[in-house]
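**Student:** I'd like to ask some things about the structure below.
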Amino acid sequence: MALDKAAVAHIAALARIRLTEAELEPLAAELSHILMWVEQLGEIDTNDVPPMTSVAAMRLPMREDAVTDGNCRDAILGNAPQSAPEALRRGFFAVPKVVE
Amino acid sequence: MTVLTELTLAEARAGLRARQFSARELAGAYVATMEAARPLNVFITETPERALDMAAASDERLAKGEAGLIEGIPIAVKDLFCTKGVLTTAASHILDGFHPPYESTVTEKLWRAGGVMLGKTNMDEFAMGSSNTTSYYGPVENPWRRRQGHLGDNRPLVPGGSSGGSAAAVAARAALGATGTDTGGSIRQPASFCGIVGLKPTYGRCSRWGVVAFASSLDHPGPMARTVRDAAILLGAMAGHDPRDSTSAPLPVPDYEMALTGDIRGLRVGIPREYRVDGMPGEIETLWQQGVAWLREAGAEPVEITLPMTKYALPTYYIIAPAEASSNLARYDGVRFGLRVPGDTLDDMYELTRAAGFGAEVRRRVLIGTYVLSAGYYDAYYLKAQRVRTLIARDFAAAFGRVDCILTPTAPSAAFAIGEKADDPIAMYLNDVFTVPADLAGLPAVSVPAGLSADGLPLGLQVIGRAFDEATVLRVGDVVERAAQFTHRPPFIAGGH
């Protein structure tokens, strides 16, 4: 299916990627080209075929519900952007205000 | 005097154990070639001090008779593997400055087996690409060139991708072995382009824990090396069950070197008639037939098989892989690590960070993935692709009822010039036409250098095996290697020997 500029803008908003107006048209063409190419899968009858959920014929393992890791706050915060050093010092990631 | 960087991994290991040279000498030689290889842009991060420290520790263990499986062997690590305290970028701007506080399982196993870390290799951004040109850190150059003056074209060539830095490093003698990851062909295609051996193990054989995720149901870590034996040794050090990866297989790891018997008498080798594509050079077909002849001469029985879904593997892949990528890459939001571009609101910050942080190919795939998973399109695209994936796996299951392994070309062409195929994503995707099916089915497969193209570039043959039967894949690969006697060397050898 061919995507228009509005559709690309909508997808980009869902994907949280900011696009400029000038980028929409070329991206619409590129993405449409790829989508039309993958649509050849429509040639195959898959009515009685189950979708694959795993290549390995194994059940996902269960483990004991116990704490196996933790107490590493500083290691986790160690890669945080340095834009709000005071928040980091107090043990928080800082982001723009979300609640007024 | 022996040039240490010309030894195979197996030879270097023997030399270290016999104390003919020290791990520090070997590491020193590779630190020098790593530096000499800089014109190829192979490494994103070099860790020479760490290499020499690790080598010194190896020498102590060698002296005490406590050598591990790959004690003292210098290894390059694809920059997709998290390495504790060492910059890990996935070749993306969005991971700027990321120093993981943990070590991936595969690299931890390598270091525990005595491996020596040289540095982190360049790659396509987030492993999305077949040419190593999507890296934020610039393209890698293949150490091979077309024969001087061939059709007047001596442009630098791509090393393949996405594990292009690892492949070029091993080929140029800037590393003795390397880790790669293979989601659609990212170990085998660059191995073919650079004239080295690349092995994609069975899904679940090598842990994905600590490997930056691209498409979780398709990502396969594996070894890259100069010989099949070297790849077998490295796989033995990398493989094994890991409780931290829920898809890791709880199976014992065989001694893969023991599989290299040279004896393939009576083995049935499938030759899939669908592995011929439009525009494939005749010399690749010829090399493939040569491979069939080699295996027949060694006592194997070639069997024509059919894998009817082959032509649908790429479009299936280009729905499933972007879908999983769009989900996995949602974590790059500028909040906890990597790049942050400030914005007035939280959504502004997310959108500006991701717009600045992702390159064009990554952005394209995240958008495709978001679309095929979105309300109203999920069944038509994603679910449809997962059904076709079942059919692709069934093709292989039916074939493996009749044969023990499958022989194909690795890629439909030799290495191409940097910048070629850049304007058409689908032309680039077609590089992986022969490698993607084994990823979708999770099957082990190796690429072995088998000959040169008319313009002097390496071409690989691929052996695909049953799930968890890397041993047969390696045994057959070893026979191909012995028959091919591929002793050609790239024109660029780091250090100039």
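Here, A, B, ... name the chains of the structure tokens in the order displayed, residue numbers run from 1 inside each chain, and ligands are numbered from 1 in the same displayed order.
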Pick out the chain A residues within 6 Å of chain B. Count only C-alpha atoms. Give them as a list in words.
**Tutor:**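 That gives the following set of residues: Arg16, Ile17, Arg18, Val38, Val49, Pro50, Pro51, Met52, Val55, Ala75, Asn79, Ala80 and Pro96 of chain A.
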**Student:** Would you mind exporting the chosen residues as a PDB file, in the first residue's frame, restricted to N, CA, C and O atoms?
**Tutor:**
```pdb
ATOM      1  N   ARG A  16       7.889   8.327  17.673  1.00  0.00           N
ATOM      2  CA  ARG A  16       8.588   9.405  18.385  1.00  0.00           C
ATOM      3  C   ARG A  16       9.877   9.801  17.671  1.00  0.00           C
ATOM      4  O   ARG A  16      10.951   9.870  18.267  1.00  0.00           O
ATOM      5  N   ILE A  17       9.762   9.998  16.357  1.00  0.00           N
ATOM      6  CA  ILE A  17      10.879  10.526  15.577  1.00  0.00           C
ATOM      7  C   ILE A  17      10.401  11.797  14.895  1.00  0.00           C
ATOM      8  O   ILE A  17       9.461  11.763  14.106  1.00  0.00           O
ATOM      9  N   ARG A  18      11.017  12.917  15.201  1.00  0.00           N
ATOM     10  CA  ARG A  18      10.623  14.201  14.620  1.00  0.00           C
ATOM     11  C   ARG A  18      11.100  14.281  13.172  1.00  0.00           C
ATOM     12  O   ARG A  18      12.281  14.035  12.898  1.00  0.00           O
ATOM     13  N   VAL A  38       7.212  -5.921  -0.092  1.00  0.00           N
ATOM     14  CA  VAL A  38       6.902  -7.011   0.855  1.00  0.00           C
ATOM     15  C   VAL A  38       5.500  -7.579   0.629  1.00  0.00           C
ATOM     16  O   VAL A  38       5.218  -8.709   1.031  1.00  0.00           O
ATOM     17  N   VAL A  49      -1.893 -22.013   8.219  1.00  0.00           N
ATOM     18  CA  VAL A  49      -0.521 -22.030   8.737  1.00  0.00           C
ATOM     19  C   VAL A  49      -0.459 -21.187  10.009  1.00  0.00           C
ATOM     20  O   VAL A  49      -0.812 -20.013   9.996  1.00  0.00           O
ATOM     21  N   PRO A  50       0.009 -21.764  11.102  1.00  0.00           N
ATOM     22  CA  PRO A  50       0.126 -20.959  12.330  1.00  0.00           C
ATOM     23  C   PRO A  50       1.307 -20.006  12.242  1.00  0.00           C
ATOM     24  O   PRO A  50       2.337 -20.340  11.657  1.00  0.00           O
ATOM     25  N   PRO A  51       1.171 -18.804  12.801  1.00  0.00           N
ATOM     26  CA  PRO A  51       2.313 -17.899  12.826  1.00  0.00           C
ATOM     27  C   PRO A  51       3.414 -18.449  13.722  1.00  0.00           C
ATOM     28  O   PRO A  51       3.125 -19.071  14.749  1.00  0.00           O
ATOM     29  N   MET A  52       4.657 -18.257  13.321  1.00  0.00           N
ATOM     30  CA  MET A  52       5.764 -18.743  14.140  1.00  0.00           C
ATOM     31  C   MET A  52       5.881 -17.882  15.392  1.00  0.00           C
ATOM     32  O   MET A  52       5.791 -16.658  15.326  1.00  0.00           O
ATOM     33  N   VAL A  55      11.636 -20.118  16.879  1.00  0.00           N
ATOM     34  CA  VAL A  55      12.291 -21.104  16.007  1.00  0.00           C
ATOM     35  C   VAL A  55      12.681 -22.350  16.784  1.00  0.00           C
ATOM     36  O   VAL A  55      12.859 -23.412  16.212  1.00  0.00           O
ATOM     37  N   ALA A  75      25.606   2.584  39.382  1.00  0.00           N
ATOM     38  CA  ALA A  75      26.008   2.035  38.079  1.00  0.00           C
ATOM     39  C   ALA A  75      24.949   2.372  37.035  1.00  0.00           C
ATOM     40  O   ALA A  75      25.262   2.715  35.895  1.00  0.00           O
ATOM     41  N   ASN A  79      25.366   6.363  33.405  1.00  0.00           N
ATOM     42  CA  ASN A  79      25.320   6.734  31.995  1.00  0.00           C
ATOM     43  C   ASN A  79      24.285   7.816  31.704  1.00  0.00           C
ATOM     44  O   ASN A  79      24.047   8.146  30.540  1.00  0.00           O
ATOM     45  N   ALA A  80      23.652   8.352  32.732  1.00  0.00           N
ATOM     46  CA  ALA A  80      22.577   9.317  32.496  1.00  0.00           C
ATOM     47  C   ALA A  80      23.137  10.605  31.899  1.00  0.00           C
ATOM     48  O   ALA A  80      24.265  11.000  32.192  1.00  0.00           O
ATOM     49  N   PRO A  96      12.036  16.662  31.257  1.00  0.00           N
ATOM     50  CA  PRO A  96      11.185  17.859  31.280  1.00  0.00           C
ATOM     51  C   PRO A  96       9.898  17.575  32.075  1.00  0.00           C
ATOM     52  O   PRO A  96       9.418  16.437  32.104  1.00  0.00           O
TER      53      PRO A  96
END
```
**Student:** Show which residues sit within 10 Å of B:Arg205, as a list in words. Count only C-alpha atoms, and ignore same-chain residues fewer than 6 positions away.
**Tutor:** His220, Pro221, Gly222, Leu235, Met238, Ala239, Gly240, His241, Asp242, Thr247, Ser248, Ala249, Pro250, Leu251, Pro252, Val253, Gly442, Pro444, Ala467, Phe468 and Glu470 of chain B
**Student:** Could you tell me, as a PyMOL selection string, which residues of chain A DSSP assigns to alpha helix (DSSP H) when given the backbone?
**Tutor:** chain A and resi 5-14+21-38+73-77+85-89
**Student:** Write out as a PyMOL selection string which residues come within 12 Å of A:Arg73 when counting only C-alpha atoms, dropping same-chain ones fewer than 3 positions away.
**Tutor:** (chain A and resi 69-70+76-80+88-93) or (chain B and resi 101)
**Student:** Excluding same-chain residues fewer than 4 positions from A:Met36, what lies within 8 Å of it counting only C-alpha atoms, as a PyMOL selection string?
**Tutor:** chain A and resi 1-2+32+40
**Student:** Put those residues in a file: N, CA and C atoms, as a PDB file, in the first residue's frame.
**Tutor:**
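Writing done, so here's result_17.pdb:
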```
ATOM      1  N   MET A   1       0.840  -1.181   0.000  1.00  0.00           N
ATOM      2  CA  MET A   1       0.000   0.000   0.000  1.00  0.00           C
ATOM      3  C   MET A   1       0.882   1.240   0.000  1.00  0.00           C
ATOM      4  N   ALA A   2       0.441   2.253  -0.754  1.00  0.00           N
ATOM      5  CA  ALA A   2       1.235   3.478  -0.842  1.00  0.00           C
ATOM      6  C   ALA A   2       0.906   4.393   0.340  1.00  0.00           C
ATOM      7  N   SER A  32       6.814   3.435   0.813  1.00  0.00           N
ATOM      8  CA  SER A  32       5.813   2.815  -0.074  1.00  0.00           C
ATOM      9  C   SER A  32       6.471   1.758  -0.957  1.00  0.00           C
ATOM     10  N   GLN A  40       4.338  -8.896  -1.813  1.00  0.00           N
ATOM     11  CA  GLN A  40       4.331 -10.132  -2.608  1.00  0.00           C
ATOM     12  C   GLN A  40       3.999 -11.348  -1.729  1.00  0.00           C
TER      13      GLN A  40
END
```
**Student:** Do a neighbour search on stretch 396-401 of chain B at 9 Å with only C-alpha atoms, toss out local chain neighbours closer than 5 positions, and write the hits as a VMD selection string.
**Tutor:** chain B and resid 270 305 to 307 391 406 438 441 443 465 to 466
**Student:** When you look at A:Glu23 with a cut-off of 10 Å (counting only C-alpha atoms), what residues show up, excluding the ones that are within fewer than 3 positions of it in the same chain? I need them as a short mmCIF file (atom, residue, chain, number, x, y, z; two decimals) with N, CA, C and O atoms, in the first residue's frame.
**Tutor:**
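part.cif written:
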```cif
data_model
loop_
_atom_site.label_atom_id
_atom_site.label_comp_id
_atom_site.auth_asym_id
_atom_site.auth_seq_id
_atom_site.Cartn_x
_atom_site.Cartn_y
_atom_site.Cartn_z
N LYS A 5 1.99 11.60 2.67
CA LYS A 5 2.72 12.38 3.66
C LYS A 5 2.07 12.35 5.04
O LYS A 5 2.75 12.23 6.06
N VAL A 8 2.86 9.09 6.79
CA VAL A 8 4.23 9.05 7.30
C VAL A 8 4.35 9.91 8.56
O VAL A 8 4.99 9.51 9.54
N ALA A 9 3.72 11.05 8.56
CA ALA A 9 3.77 11.92 9.74
C ALA A 9 3.14 11.21 10.94
O ALA A 9 3.65 11.30 12.07
N ARG A 18 11.02 12.92 15.20
CA ARG A 18 10.62 14.20 14.62
C ARG A 18 11.10 14.28 13.17
O ARG A 18 12.28 14.04 12.90
N LEU A 19 10.18 14.55 12.26
CA LEU A 19 10.54 14.72 10.86
C LEU A 19 10.24 16.15 10.44
O LEU A 19 9.27 16.75 10.93
N THR A 20 11.04 16.66 9.53
CA THR A 20 10.74 17.97 8.98
C THR A 20 9.76 17.78 7.82
O THR A 20 9.66 16.69 7.25
N PRO A 26 9.96 12.42 0.42
CA PRO A 26 10.88 11.34 0.04
C PRO A 26 10.69 10.08 0.87
O PRO A 26 10.75 8.97 0.35
N LEU A 27 10.40 10.23 2.17
CA LEU A 27 10.20 9.05 3.01
C LEU A 27 8.93 8.30 2.59
O LEU A 27 8.90 7.06 2.59
N ALA A 28 7.90 9.04 2.22
CA ALA A 28 6.66 8.39 1.77
C ALA A 28 6.96 7.51 0.56
O ALA A 28 6.47 6.37 0.46
#
```
**Student:** Which residues, written as a list of chain:residue names, have at least one atom at most 12 Å from B:Arg112, with only C-alpha atoms counted and residues fewer than 3 positions away on the same chain left out?
**Tutor:**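 Those residues are B:Met54, B:Ala57, B:Ser58, B:Arg61, B:Glu66, B:Ala67, B:Gly68, B:Leu69, B:Ile70, B:Glu71, B:Gly72, B:Ile73, B:Glu103, B:Thr105, B:Val106, B:Thr107, B:Glu108, B:Lys109, B:Gly115, B:Val116, B:Met117, B:Ala237, B:Met238.
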**Student:** Record the distance separating atom CA of B:Val42 and atom CA of B:Glu481, expressed in Å with one decimal.
**Tutor:** 25.7 Å
**Student:** Between atom CA of B:Val292 and atom CA of B:Ile271, measure the distance and give it in Å to one decimal.
**Tutor:** 8.1 Å
**Student:** In Å, with one decimal, what is the gap from atom CA of B:Ile284 to atom CA of B:Ser413?
**Tutor:**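 Taking atom CA of B:Ile284 as the start and atom CA of B:Ser413 as the end point, the length is 7.5 Å.
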**Student:** Nearest to B:Leu157 among B:Asp219, B:Asp432, B:Asp478, B:Glu420, with distances taken over only C-alpha atoms: which residue is it?
**Tutor:**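 Selected residue with least distance to B:Leu157: B:Glu420.
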**Student:** Name the residues of stretch 107-308 of chain B that fall into strand (DSSP E or B) according to DSSP on the backbone, using the chain letters and numbers of this document, as a ChimeraX atom specification.
**Tutor:** /B:116-121,157,177-182,197-200,211,220-225,268-272,301-305
**Student:** I need the residue nearest B:Ala113 from this list: B:Val269, B:Ile233, B:Val480, B:Ala172. Use only C-alpha atoms for the distance.
**Tutor:**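 Residue with the minimum atom-to-atom distance to B:Ala113: B:Ile233.
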